[in-house]
There are 2 protein chains.
Amino acid sequence: MDMKSTILIALAASSLMAGNLANDAKNAGLVPIPSSTTQLLKLTDNPKNPITNNKVKLGEKLYFDPRLSRSGLISCNTCHNLSEGGDDGVGPATGHMWRHNPHHLNSPTVYNAVFFGSQFWDGRAKDLEAQAQGPTLAHPEMAATKEHIVAVVKSMPTYVTEFKKAYGDNVKITFEKVTDTIATFERTLVTPSPYDSFLNGYKEAMTPKQKEGLKTFIQIGCASCHNGVALGGEMGAFNVTATYKYMNVGDFKGDKNGMVKVPTLRNITETAPYFHNGMIWNLKDAIKEMGRIQLGTKISDKQATSIEAFLGSLTGKKPHMMIPQLPASTPSTPKPNLN
Amino acid sequence: MDMKSTILIALAASSLMAGNLANDAKNAGLVPIPSSTTQLLKLTDNPKNPITNNKVKLGEKLYFDPRLSRSGLISCNTCHNLSEGGDDGVGPATGHMWRHNPHHLNSPTVYNAVFFGSQFWDGRAKDLEAQAQGPTLAHPEMAATKEHIVAVVKSMPTYVTEFKKAYGDNVKITFEKVTDTIATFERTLVTPSPYDSFLNGYKEAMTPKQKEGLKTFIQIGCASCHNGVALGGEMGAFNVTATYKYMNVGDFKGDKNGMVKVPTLRNITETAPYFHNGMIWNLKDAIKEMGRIQLGTKISDKQATSIEAFLGSLTGKKPHMMIPQLPASTPSTPKPNLN
């Protein structure tokens with residue numbers, strides 16, 4: 001066999017292997033972010049609250065506006081920081097008056113949250129629209145009231161005009177309209193990554209080490225919970241084969257059925273600390289702990305390194321956005337309350 | 001005289017009036033932001049810390065990076081929010097562990113701070129480079145240590161690479177280098193407004209009401225302190241003819257000579273509340289109070305309305321910037337400390 005044939009066979013084999021791996025991934029329930037905008041919109045849109053350009057632009061401002069909070073200091077972006085992987089990088093979520101989440105729960109990332117089957121660690125909100133109503137009012141977070149939020153928004157003519165543009169001249173600006181608009185913006189926070197390119201057929205998008213890691217990830221069984229577009233986002237049992245080593249920090253025990261929302265693995269390299277109570281900082285430690293408590297598997301250091309390499313391929317391209325310029329407060333804007 | 005001549009004479013008179021007003025403004029010490037980039041750079045550059053593109057880009061990231069703070073939650077942008085007129089919109093600056101500024105001092109805007117003769121309400125820092133060293137370390141603000149900041153920056157290879165790009169391969173990343181870089185970014189936060197266009201010769205840039213207000217502003221004597229490019233930024237005596245009505249809030253009495261930094265009037269419509277302790281929320285009230293305590297003048301409601309109209313012409317165009325994407329923390333990045 002001449003050199004040329006050898007190379008051709010080797011290329012075909014490598015291509016076949018990549019093809020097989022992509023198939024294996026799909027068979028394991030892994031779904032890429034589609035490369036077609038139409039297909040993406042099908043996955044991200046909410047028929048009851050359709051994505052439009054005007055709503056997204058307005059929602060972005062509201063997302064960044066700390067005046068929606070009681071103190072005037074905390075915006076959605078404070079805990080779900082779009083510069084930092086969509087979360088805050090601290091253990092327990094920390095909000096109004098520096099209060100920590102009473103259950104020591106960690107702020108999840110907002111990036112790709114649109115792909116989750118439910119929202120919050122206990123899955124109590126069915127979508128982003130419902131989710132956005134939580135932190136705005138929760139006392140240890142933004143600590144606002146519905147009336148405060150509506151009054152803030154209505155006090156600024158620019159916002160009123162933009163609500164009319166987004167919803168028509170007869171729009172009634174309500175708390176729900178504000179949170180729906182924020183949710184619409186959040187529906188666009190999708191971060192396609194090399195992994196998606198790979199599953200969408202561009203075989204060289206992932207490095208050999210990342211591909212190897214994906215294989216390990218599937219073989220060990222991680223995809224039994226971390227699947228779908230988000231590699232997570234659905235409810236799953238926790239502490240299946242052993243108890244999480246920091247289970248005693250905070251009192252979270254899951255929803256009423258003892259289930260917990262499986263966190264997305266997208267951008268996981270940017271969203272330490274890990275687990276519901278944010279007690280593990282190192283990704284390899286988190287991988288091993290998951291193997292122990294969820295799969296009853298001792299994940300070796302080599303396997304953890306390999307999986308970690310794969311997870312690196314999930315770090316996605318963030319939407320390019322301008323720093324929004326918020327309308328100026330007016331004399332009728334409710335004053336911030338630092339207490 | 002025919003219609004055409006009448007119109008021509010009227011136009012000439014109006015143009016002459018505008019010309020006179022621009023001259024009056026210049027005679028009163030008011031200086032526009034130059035329209036030429038070269039001229040602007042002359043005003044904003046620091047020969048000891050020259051503005052370069054790589055430093056600005058890196059400085060922007062550092063400005064937005066909350067991991068420089070002890071808690072990991074507070075960045076420069078928290079109190080000097082570029083979406084909100086460059087400040088925070090609350091009374092006393094509020095930082096680490098929700099502590100307020102011990103003197104009840106209000107966060108000044110960072111926009112156009114490059115034009116100030118000195119920084120801080122007591123003018124104790126001579127420039128932005130010196131200023132940036134304050135809040136990063138101050139306990140009620142970012143509460144970091146020099147060592148923490150250097151360790152955070154050095155722990156992320158992207159930052160190290162960008163420091164090399166900005167300062168050369170032999171750069172030593174020190175606390176001062178970090179704050180210098182932030183200051184370089186801040187030197188670009190300049191917001192030219194209709195007022196500048198007017199002073200630069202575009203006579204129709206300001207509305208007739210704004211021009212009227214500028215006249216009143218000069219006649220009443222506001223420009224005796226609010227002058228230069230920043231319409232403020234130098235030290236001035238305070239409580240000259242009467243005592244500020246909220247003087248009892250906080251213990252600030254000025255610098256050792258009883259002088260206070262005159263705040264800029266640029267973007268003043270976006271930076272309520274006003275005065276060193278942020279106790280006045282309404283711009284007209286602030287104008288009247290200034291007349292009473294600084295000039296011994298009772299400013300009428302009509303005059304205050306007129307001056308307020310002029311101040312509206314100082315609301316400037318903010319630099320267009322992307323929301324920065326910060327490098328991911330690494331295992332060696334110091335952990336945040338919420339206490």
# chains A, B, ... in the order shown; residues from 1 in each chain; ligands from 1
call {"tool": "residues_around", "arguments": {"residues": "Ala237 (chain B)", "least_positions_apart": "6", "cutoff": "7 Å", "atoms": "only C-alpha atoms", "output": "PDB file with N, CA and C atoms, in the first residue's frame"}}
result
ATOM      1  N   GLY B 258     -10.495  73.442  54.696  1.00  0.00           N
ATOM      2  CA  GLY B 258     -11.938  73.641  54.592  1.00  0.00           C
ATOM      3  C   GLY B 258     -12.417  73.757  53.154  1.00  0.00           C
ATOM      4  N   MET B 259     -11.649  73.224  52.243  1.00  0.00           N
ATOM      5  CA  MET B 259     -12.029  73.276  50.831  1.00  0.00           C
ATOM      6  C   MET B 259     -12.630  71.943  50.404  1.00  0.00           C
ATOM      7  N   VAL B 260     -13.500  72.009  49.407  1.00  0.00           N
ATOM      8  CA  VAL B 260     -14.141  70.800  48.902  1.00  0.00           C
ATOM      9  C   VAL B 260     -13.940  70.765  47.392  1.00  0.00           C
TER      10      VAL B 260
END
call {"tool": "closest_atom_pairs", "arguments": {"of": "chain B", "to": "chain A", "cutoff": "6 Å", "atoms": "only C-alpha atoms", "output": "JSON lines"}}
result
{"residue": "B:Ser83", "atom": "CA", "partner": "A:Gln325", "partner_atom": "CA", "distance": 4.6}
{"residue": "B:Glu84", "atom": "CA", "partner": "A:Leu326", "partner_atom": "CA", "distance": 5.9}
{"residue": "B:Met97", "atom": "CA", "partner": "A:Trp98", "partner_atom": "CA", "distance": 5.6}
{"residue": "B:Trp98", "atom": "CA", "partner": "A:Met97", "partner_atom": "CA", "distance": 5.6}
{"residue": "B:Glu270", "atom": "CA", "partner": "A:Ala328", "partner_atom": "CA", "distance": 4.9}
{"residue": "B:Met321", "atom": "CA", "partner": "A:Met322", "partner_atom": "CA", "distance": 5.6}
{"residue": "B:Met322", "atom": "CA", "partner": "A:Met322", "partner_atom": "CA", "distance": 4.3}
{"residue": "B:Ile323", "atom": "CA", "partner": "A:Ile323", "partner_atom": "CA", "distance": 5.1}
{"residue": "B:Pro324", "atom": "CA", "partner": "A:Ser83", "partner_atom": "CA", "distance": 5.7}
{"residue": "B:Gln325", "atom": "CA", "partner": "A:Ser83", "partner_atom": "CA", "distance": 4.6}
{"residue": "B:Leu326", "atom": "CA", "partner": "A:Ser83", "partner_atom": "CA", "distance": 5.5}
{"residue": "B:Ala328", "atom": "CA", "partner": "A:Glu270", "partner_atom": "CA", "distance": 4.9}
call {"tool": "residues_around", "arguments": {"residues": "Phe175 (chain A)", "least_positions_apart": "2", "cutoff": "7 Å", "atoms": "only C-alpha atoms", "output": "ChimeraX atom specification"}}
result
/A:146,149-150,173,177-179
call {"tool": "residues_around", "arguments": {"residues": "region 314-316 of chain B", "least_positions_apart": "2", "cutoff": "6 Å", "atoms": "only C-alpha atoms", "output": "number ranges by chain"}}
result
B: 191-193, 195, 266-267, 311-312
call {"tool": "write_last_selection", "arguments": {"atoms": "C-alpha atoms", "output": "CSV table (one decimal), in the first residue's frame"}}
result
chain,number,residue,atom,x,y,z
B,191,THR,CA,-18.7,62.5,27.1
B,192,PRO,CA,-19.0,65.4,24.6
B,193,SER,CA,-22.4,67.1,24.7
B,195,TYR,CA,-22.8,72.3,25.0
B,266,ARG,CA,-21.4,67.2,33.2
B,267,ASN,CA,-24.1,64.6,33.1
B,311,LEU,CA,-27.5,71.8,32.6
B,312,GLY,CA,-29.4,69.4,30.3
call {"tool": "select_by_dssp", "arguments": {"residues": "region 6-221 of chain B", "states": "strand (DSSP E or B)", "output": "list in words"}}
result
Leu30, Asn81, Asp87, Thr94, His100, Gln119 and Ala125 of chain B
call {"tool": "closest_residue", "arguments": {"among": "B:Ile307, B:Gln210, B:Lys165, B:Gly117", "to": "Gly236 (chain B)", "atoms": "only C-alpha atoms"}}
result
B:Gly117
call {"tool": "select_by_dssp", "arguments": {"residues": "region 22-134 of chain A", "states": "alpha helix (DSSP H)", "output": "PyMOL selection string"}}
result
chain A and resi 22-27+37-44+53-64+76-79+128-131+133-134
